Amino acid sequence: MDTTRVSSTAFDGTPHAPAHARKFVRQVLGEWRLGHLAEDAVLLTSELVTNAVVHAGTGIELTCRLNVEATPAKLEIEVDDHHPTRTIEEAEAVPADTMRTSGRGLALAGMLADAWGVTYTKTAKRVWVRMELGDGFDRQDALSASLPIAPPVESLHVGVIVCDRDGVVESWNSEAEKLLGWQADEVVGGSLEKLVAWRGHGPYALTLADTLGLGRWRGEAHMRHLDGTMMPVYVSHLRARGQRSAIWMVVAADHRYVLTPPPAPMRREAGRRIKDLLDQDMPFAELLDTIAQIVQVSSGGDAAYVLLSADGGDRFGVAAGAGATAGLVGVLATGVFSADRKAPTMLDDLLAEDVELAEQLRARSLACAPLLVSGEVTGYIVVTATQPGRFDQELTVSLQHIADQVAVPVQRERLAEEDRAHRGRLSFLAEAGELLAGVHDEELIAALTAQLVVPKIATWAAVYLTDLAGMTRLAHVWHSEERHNAELRTLLPAIPRTALTEVSWPVGPETVLSFPLLTQGRSHGALVIGRAEPTLPLELADLLADLCRLVALNLHTAMLYARQATTSRVLQRSLLPMRVAPMPGLESAVVYEPAEEGADVGGDFYDLFTVADHWCFALGDVCGSGPEAAAVTGLARHAVRLLAKEHYTVADILDRLNQALLEEGEDGRFLSLLCGELTPLAQGGALCTVASAGHPPPLLLRADGTVQAVATPQLLLGIEADARFYVETFELAPEEVLLCVTDGVTERRDGDRLLDDGDGLAALLAGCTGLSAHAVAERVRHAVETFAAEPSQDDVALLVIKAAPLRQVRM
């Protein structure tokens with residue numbers, strides 16, 4: 001049997017603390033029949049508490065502990081403050097004749113106590129003194145002193161008083177008359193406040209009006225007796241839900257055991273367990289989870305939560321939960337939890353106060369206490385139950401005691417964790433941004449997003465995408481165990497029929513949460529995750545919100561890119577001929593390769609078309625790239641075709657196109673152009689009229705294998721308004737080949753060497769005797785591609801025309 005006796009109290013670290021401490025110790029030692037030690041014990045206590053007030057400035061806990069079974073029996077007095085980093089002040093050696101009024105505490109401890117010491121924990125500093133009681137101490141007398149003297153049963157009167165919410169007495173039974181002396185007709189209709197000397201205790205005390213509004217409450221009070229004395233009583237208050245009247249059951253303080261609730265050892269132990277918990281070094285999330293578990297078990301509630309401030313401190317979000325939690329996420333938008341509510345709260349029926357919160361918590365009863373740091377509410381300890389009226393006011397006192405214990409340590413750990421989480425969040429988002437950067441495919445973005453959160457944050461993830469028409473579809477799923485991917489896809493709706501926030505997710509035991517992918521006011525879908533844990537910490541909720549914004553931005557960019565790419569592709573294709581016109585007696589082949597990856601059209605262009613009884617061809621190269629170059633490409637190709645069909649000569653075509661470019665007013669927008677006409681000859685082959693405006697001259701491969709240039713380069717188009725162009729004529733005989741190229745062929749570079757250095761292109765063409773037009777084009781293309789290890793940085797365009805042998809000509 002443990003015979004150790006303990007009595008504790010706590011008070012603020014104010015100048016009044018030493019006086020309260022002296023009174024408390026004197027009272028406790030009187031109850032323990034240790035009055036002969038009172039003077040020394042009170043003096044020691046006063047000095048230790050004064051030292052804590054002056055040098056720590058925090059709340060103080062005072063504990064008296066008597067161990068009567070020790071040999072010798074001993075009395076210990078402990079003073080705890082919450083400033084462990086501030087060391088105690090020891091008295092300095094001073095001359096004997098020097099009188100000092102401070103710094104004597106530990107010197108007195110050494111003189112009056114048998115032992116003293118200091119114990120440091122993570123959150124507190126404890127200074128203790130020990131006084132041995134000696135052989136003359138009567139153990140049996142001390143033990144019997146702790147047993148209360150039971151008052152006679154004949155003096156028990158249970159008064160029942162009924163009053164309304166305003167405190168007006170409605171009913172007064174005969175037992176109340178015997179207890180307090182007042183007759184019913186003397187008090188009914190009057191104010192209860194006139195009969196009750198209501199004095200609150202502590203910073204969270206309720207007024208009498210507040211107490212009458214509660215569902216239930218038990219506690220001590222003083223009521224006025226008919227003879228004018230103030231009588232100590234014990235009150236049990238009850239107000240039924242939905243009723244205005246409250247019932248008070250009142251007994252004399254000596255008979256309080258009649259109305260006090262049965263002991264709740266788990267509730268009494270909660271403070272000690274949490275105090276021990278704070279001395280341990282554990283991860284922040286585990287600390288909060290453990291606090292929630294202790295509170296839930298000790299309170300007897302169905303669930304308990306730790307809420308921490310969010311959004312600048314005006315709102316509160318779930319940081320940890322235990323018990324029958326409802327998968328709460330992020331911030332609770334409710335008036336129950338407020339930065340201005342600095343007292344504990346108990347609600348008998350949450351449904352009547354806040355329907356939204358009641359549905360979120362799946363609860364009817366709620367009790368909570370604020371976490372106060374420097375007068376600011378930094379969070380809440382919350383307990384809930386599914387039935388109404390489950391808690392009493394005593395629970396709020398216990399919750400506030402726990403909240404006061406954990407507020408500062410939790411805030412300190414939270415700030416450190418926020419710093420670590422911020423760095424981790426930046427690292428995670430940087431990794432996600434790097435992974436998603438440059439990805440313009442929505443399906444790939446969905447796949448990467450799912451794999452970013454599994455298994456780091458969720459057991460599984462699914463990404464839904466919404467198109468421009470508003471249709472939402474399941475794009476990708478990913479499970480931490482890949483073998484469940486197919487099953488997960490079948491369980492999730494492929495095309496939700498309702499908004500994703502309203503979908504019921506029948507996918508298993510996990511808590512399923514949905515996060516919208518929103519950017520610029522438009523929804524691109526949602527990220528849906530499944531977690532084994534019932535609650536999602538606020539830090540993870542913020543991280544997922546940031547990730548979803550990043551993903552939505554990339555989806556928006558991908559959508560714009562796809563739209564622009566489609567538009568660009570359509571426009572680019574309009575810049576090149578859909579097909580090359582067939583030419584009887586002539587064979588043609590074209591190679592066209594833009595340097596830009598994924599582009600259909602570059603700065604080079606070609607055309608080959610029929611005009612009356614002859615054919616026209618053009619091969620050009622626009623200075624520059626991008627949309628401006630594409631505009632000149634379109635202008636040049638269509639102008640050449642239009643002017644040719646209007647029977648302009650080749651020279652006139654170049655003149656008109658030169659004027660058109662100059663009229664556009666784009667400085668530095670030049671164009672090289674090779675333009676020509678082919679007129680079939682009766683004996684086979686064709687008569688070729690050609691002009692080259694700053695373009696590489698075409699090469700003619702004769703039947704005997706010789707190669708010659710058949711045009712002289714003239715001035716570029718778009719430079720001089722007065723420029724005049726001329727044509728040159730030659731005959732393309734059967735079996736002869738005409739090769740027209742852009743500078744992407746002649747200037748193909750390998751280090752300092754060009755492909756056309758030393759007439760390299762002519763030598764290449766000379767080796768093509770006897771080949772078809774397509775074979776010649778392929779050999780030149782292959783030579784350009786393999787000339788250097790690096791890809792070509794310029795557009796490549798070439799046109800090959802070969803006159804057919806005489807036997808193949810059909811007139």
# chains A, B, ... in the order shown; residues from 1 in each chain; ligands from 1
>>> residues_around(residues="A:Thr746", least_positions_apart="2", cutoff="9 Å", atoms="only C-alpha atoms", output="list in words")
Pro696, Val741, Thr742, Asp743, Gly744, Arg748, Arg749, Leu754, Leu755, Asp756, Asp757, Gly760, Leu761 and Val784 of chain A
>>> write_last_selection(atoms="all heavy atoms", output="mmCIF file, in the first residue's frame")
data_model
loop_
_atom_site.group_PDB
_atom_site.id
_atom_site.type_symbol
_atom_site.label_atom_id
_atom_site.label_comp_id
_atom_site.auth_asym_id
_atom_site.auth_seq_id
_atom_site.Cartn_x
_atom_site.Cartn_y
_atom_site.Cartn_z
ATOM 1 N N PRO A 696 21.994 29.614 -103.846
ATOM 2 C CA PRO A 696 23.000 28.719 -104.432
ATOM 3 C C PRO A 696 22.575 28.302 -105.842
ATOM 4 O O PRO A 696 21.413 27.908 -106.057
ATOM 5 C CB PRO A 696 23.007 27.524 -103.469
ATOM 6 C CG PRO A 696 22.545 28.089 -102.161
ATOM 7 C CD PRO A 696 21.546 29.148 -102.529
ATOM 8 N N VAL A 741 19.256 23.254 -104.497
ATOM 9 C CA VAL A 741 19.367 23.083 -103.048
ATOM 10 C C VAL A 741 19.364 24.442 -102.357
ATOM 11 O O VAL A 741 19.594 25.469 -102.993
ATOM 12 C CB VAL A 741 20.661 22.321 -102.668
ATOM 13 C CG1 VAL A 741 20.694 20.939 -103.312
ATOM 14 C CG2 VAL A 741 21.897 23.124 -103.055
ATOM 15 N N THR A 742 19.087 24.419 -101.020
ATOM 16 C CA THR A 742 19.248 25.621 -100.194
ATOM 17 C C THR A 742 20.608 25.554 -99.508
ATOM 18 O O THR A 742 21.331 24.557 -99.596
ATOM 19 C CB THR A 742 18.133 25.700 -99.137
ATOM 20 O OG1 THR A 742 18.189 24.545 -98.303
ATOM 21 C CG2 THR A 742 16.753 25.773 -99.784
ATOM 22 N N ASP A 743 20.955 26.637 -98.779
ATOM 23 C CA ASP A 743 22.281 26.670 -98.158
ATOM 24 C C ASP A 743 22.403 25.701 -96.989
ATOM 25 O O ASP A 743 23.489 25.495 -96.460
ATOM 26 C CB ASP A 743 22.645 28.085 -97.717
ATOM 27 C CG ASP A 743 21.646 28.653 -96.717
ATOM 28 O OD1 ASP A 743 20.753 27.918 -96.262
ATOM 29 O OD2 ASP A 743 21.761 29.860 -96.388
ATOM 30 N N GLY A 744 21.282 25.080 -96.580
ATOM 31 C CA GLY A 744 21.372 24.033 -95.569
ATOM 32 C C GLY A 744 22.127 22.816 -96.083
ATOM 33 O O GLY A 744 22.632 22.021 -95.289
ATOM 34 N N ARG A 748 26.481 22.813 -94.995
ATOM 35 C CA ARG A 748 26.515 21.806 -93.919
ATOM 36 C C ARG A 748 27.935 21.754 -93.375
ATOM 37 O O ARG A 748 28.895 21.585 -94.113
ATOM 38 C CB ARG A 748 26.100 20.456 -94.487
ATOM 39 C CG ARG A 748 26.218 19.293 -93.499
ATOM 40 C CD ARG A 748 25.174 19.398 -92.394
ATOM 41 N NE ARG A 748 25.020 18.131 -91.687
ATOM 42 C CZ ARG A 748 25.350 17.924 -90.421
ATOM 43 N NH1 ARG A 748 25.881 18.916 -89.722
ATOM 44 N NH2 ARG A 748 25.153 16.747 -89.855
ATOM 45 N N ARG A 749 28.037 21.915 -92.032
ATOM 46 C CA ARG A 749 29.346 22.157 -91.444
ATOM 47 C C ARG A 749 29.818 20.967 -90.606
ATOM 48 O O ARG A 749 29.051 20.328 -89.897
ATOM 49 C CB ARG A 749 29.286 23.408 -90.571
ATOM 50 C CG ARG A 749 30.608 23.802 -89.907
ATOM 51 C CD ARG A 749 30.444 25.097 -89.139
ATOM 52 N NE ARG A 749 30.163 26.212 -90.035
ATOM 53 C CZ ARG A 749 31.092 26.890 -90.689
ATOM 54 N NH1 ARG A 749 32.385 26.563 -90.555
ATOM 55 N NH2 ARG A 749 30.777 27.885 -91.492
ATOM 56 N N LEU A 754 33.064 22.821 -94.850
ATOM 57 C CA LEU A 754 31.709 22.819 -95.375
ATOM 58 C C LEU A 754 31.579 21.716 -96.411
ATOM 59 O O LEU A 754 32.549 21.336 -97.083
ATOM 60 C CB LEU A 754 31.367 24.173 -95.997
ATOM 61 C CG LEU A 754 31.461 25.399 -95.082
ATOM 62 C CD1 LEU A 754 31.105 26.661 -95.855
ATOM 63 C CD2 LEU A 754 30.564 25.239 -93.882
ATOM 64 N N LEU A 755 30.375 21.257 -96.594
ATOM 65 C CA LEU A 755 30.131 20.170 -97.549
ATOM 66 C C LEU A 755 30.500 20.590 -98.971
ATOM 67 O O LEU A 755 30.993 19.776 -99.768
ATOM 68 C CB LEU A 755 28.667 19.733 -97.463
ATOM 69 C CG LEU A 755 28.243 18.532 -98.315
ATOM 70 C CD1 LEU A 755 27.175 17.705 -97.595
ATOM 71 C CD2 LEU A 755 27.701 18.957 -99.675
ATOM 72 N N ASP A 756 30.283 21.859 -99.332
ATOM 73 C CA ASP A 756 30.525 22.303 -100.707
ATOM 74 C C ASP A 756 31.938 22.848 -100.927
ATOM 75 O O ASP A 756 32.231 23.377 -102.004
ATOM 76 C CB ASP A 756 29.493 23.378 -101.082
ATOM 77 C CG ASP A 756 29.356 23.545 -102.590
ATOM 78 O OD1 ASP A 756 29.502 22.537 -103.306
ATOM 79 O OD2 ASP A 756 29.121 24.684 -103.029
ATOM 80 N N ASP A 757 32.772 22.729 -99.869
ATOM 81 C CA ASP A 757 34.153 23.152 -100.070
ATOM 82 C C ASP A 757 34.792 22.318 -101.188
ATOM 83 O O ASP A 757 34.640 21.082 -101.224
ATOM 84 C CB ASP A 757 34.964 22.979 -98.775
ATOM 85 C CG ASP A 757 34.637 24.057 -97.754
ATOM 86 O OD1 ASP A 757 33.977 25.035 -98.132
ATOM 87 O OD2 ASP A 757 35.027 23.898 -96.581
ATOM 88 N N GLY A 760 32.389 20.268 -103.459
ATOM 89 C CA GLY A 760 32.008 18.955 -102.917
ATOM 90 C C GLY A 760 30.648 18.493 -103.369
ATOM 91 O O GLY A 760 30.431 17.301 -103.612
ATOM 92 N N LEU A 761 29.673 19.425 -103.494
ATOM 93 C CA LEU A 761 28.336 19.029 -103.930
ATOM 94 C C LEU A 761 28.364 18.581 -105.381
ATOM 95 O O LEU A 761 27.693 17.599 -105.747
ATOM 96 C CB LEU A 761 27.360 20.198 -103.741
ATOM 97 C CG LEU A 761 25.901 19.909 -104.082
ATOM 98 C CD1 LEU A 761 25.352 18.761 -103.238
ATOM 99 C CD2 LEU A 761 25.036 21.160 -103.892
ATOM 100 N N VAL A 784 24.323 14.776 -96.568
ATOM 101 C CA VAL A 784 24.168 15.905 -95.639
ATOM 102 C C VAL A 784 24.077 15.405 -94.198
ATOM 103 O O VAL A 784 24.704 15.948 -93.280
ATOM 104 C CB VAL A 784 22.924 16.743 -96.009
ATOM 105 C CG1 VAL A 784 22.657 17.803 -94.939
ATOM 106 C CG2 VAL A 784 23.101 17.392 -97.366
#
>>> residues_around(residues="stretch 314-321 of chain A", least_positions_apart="3", cutoff="6 Å", atoms="only C-alpha atoms", output="PyMOL selection string")
chain A and resi 288-289+292+304-310+330-332+339+537-538
>>> residues_around(residues="A:Arg22", least_positions_apart="5", cutoff="10 Å", atoms="only C-alpha atoms", output="list in words")
Ala17, Gln27, Ala38, Glu39, Ala41, Val42, Leu43, Leu44, Thr45, Ser46, Glu47 and Val49 of chain A
>>> residues_around(residues="A:His524", least_positions_apart="6", cutoff="6 Å", atoms="only C-alpha atoms", output="list of chain:residue names")
A:Leu465, A:Thr466, A:Leu517
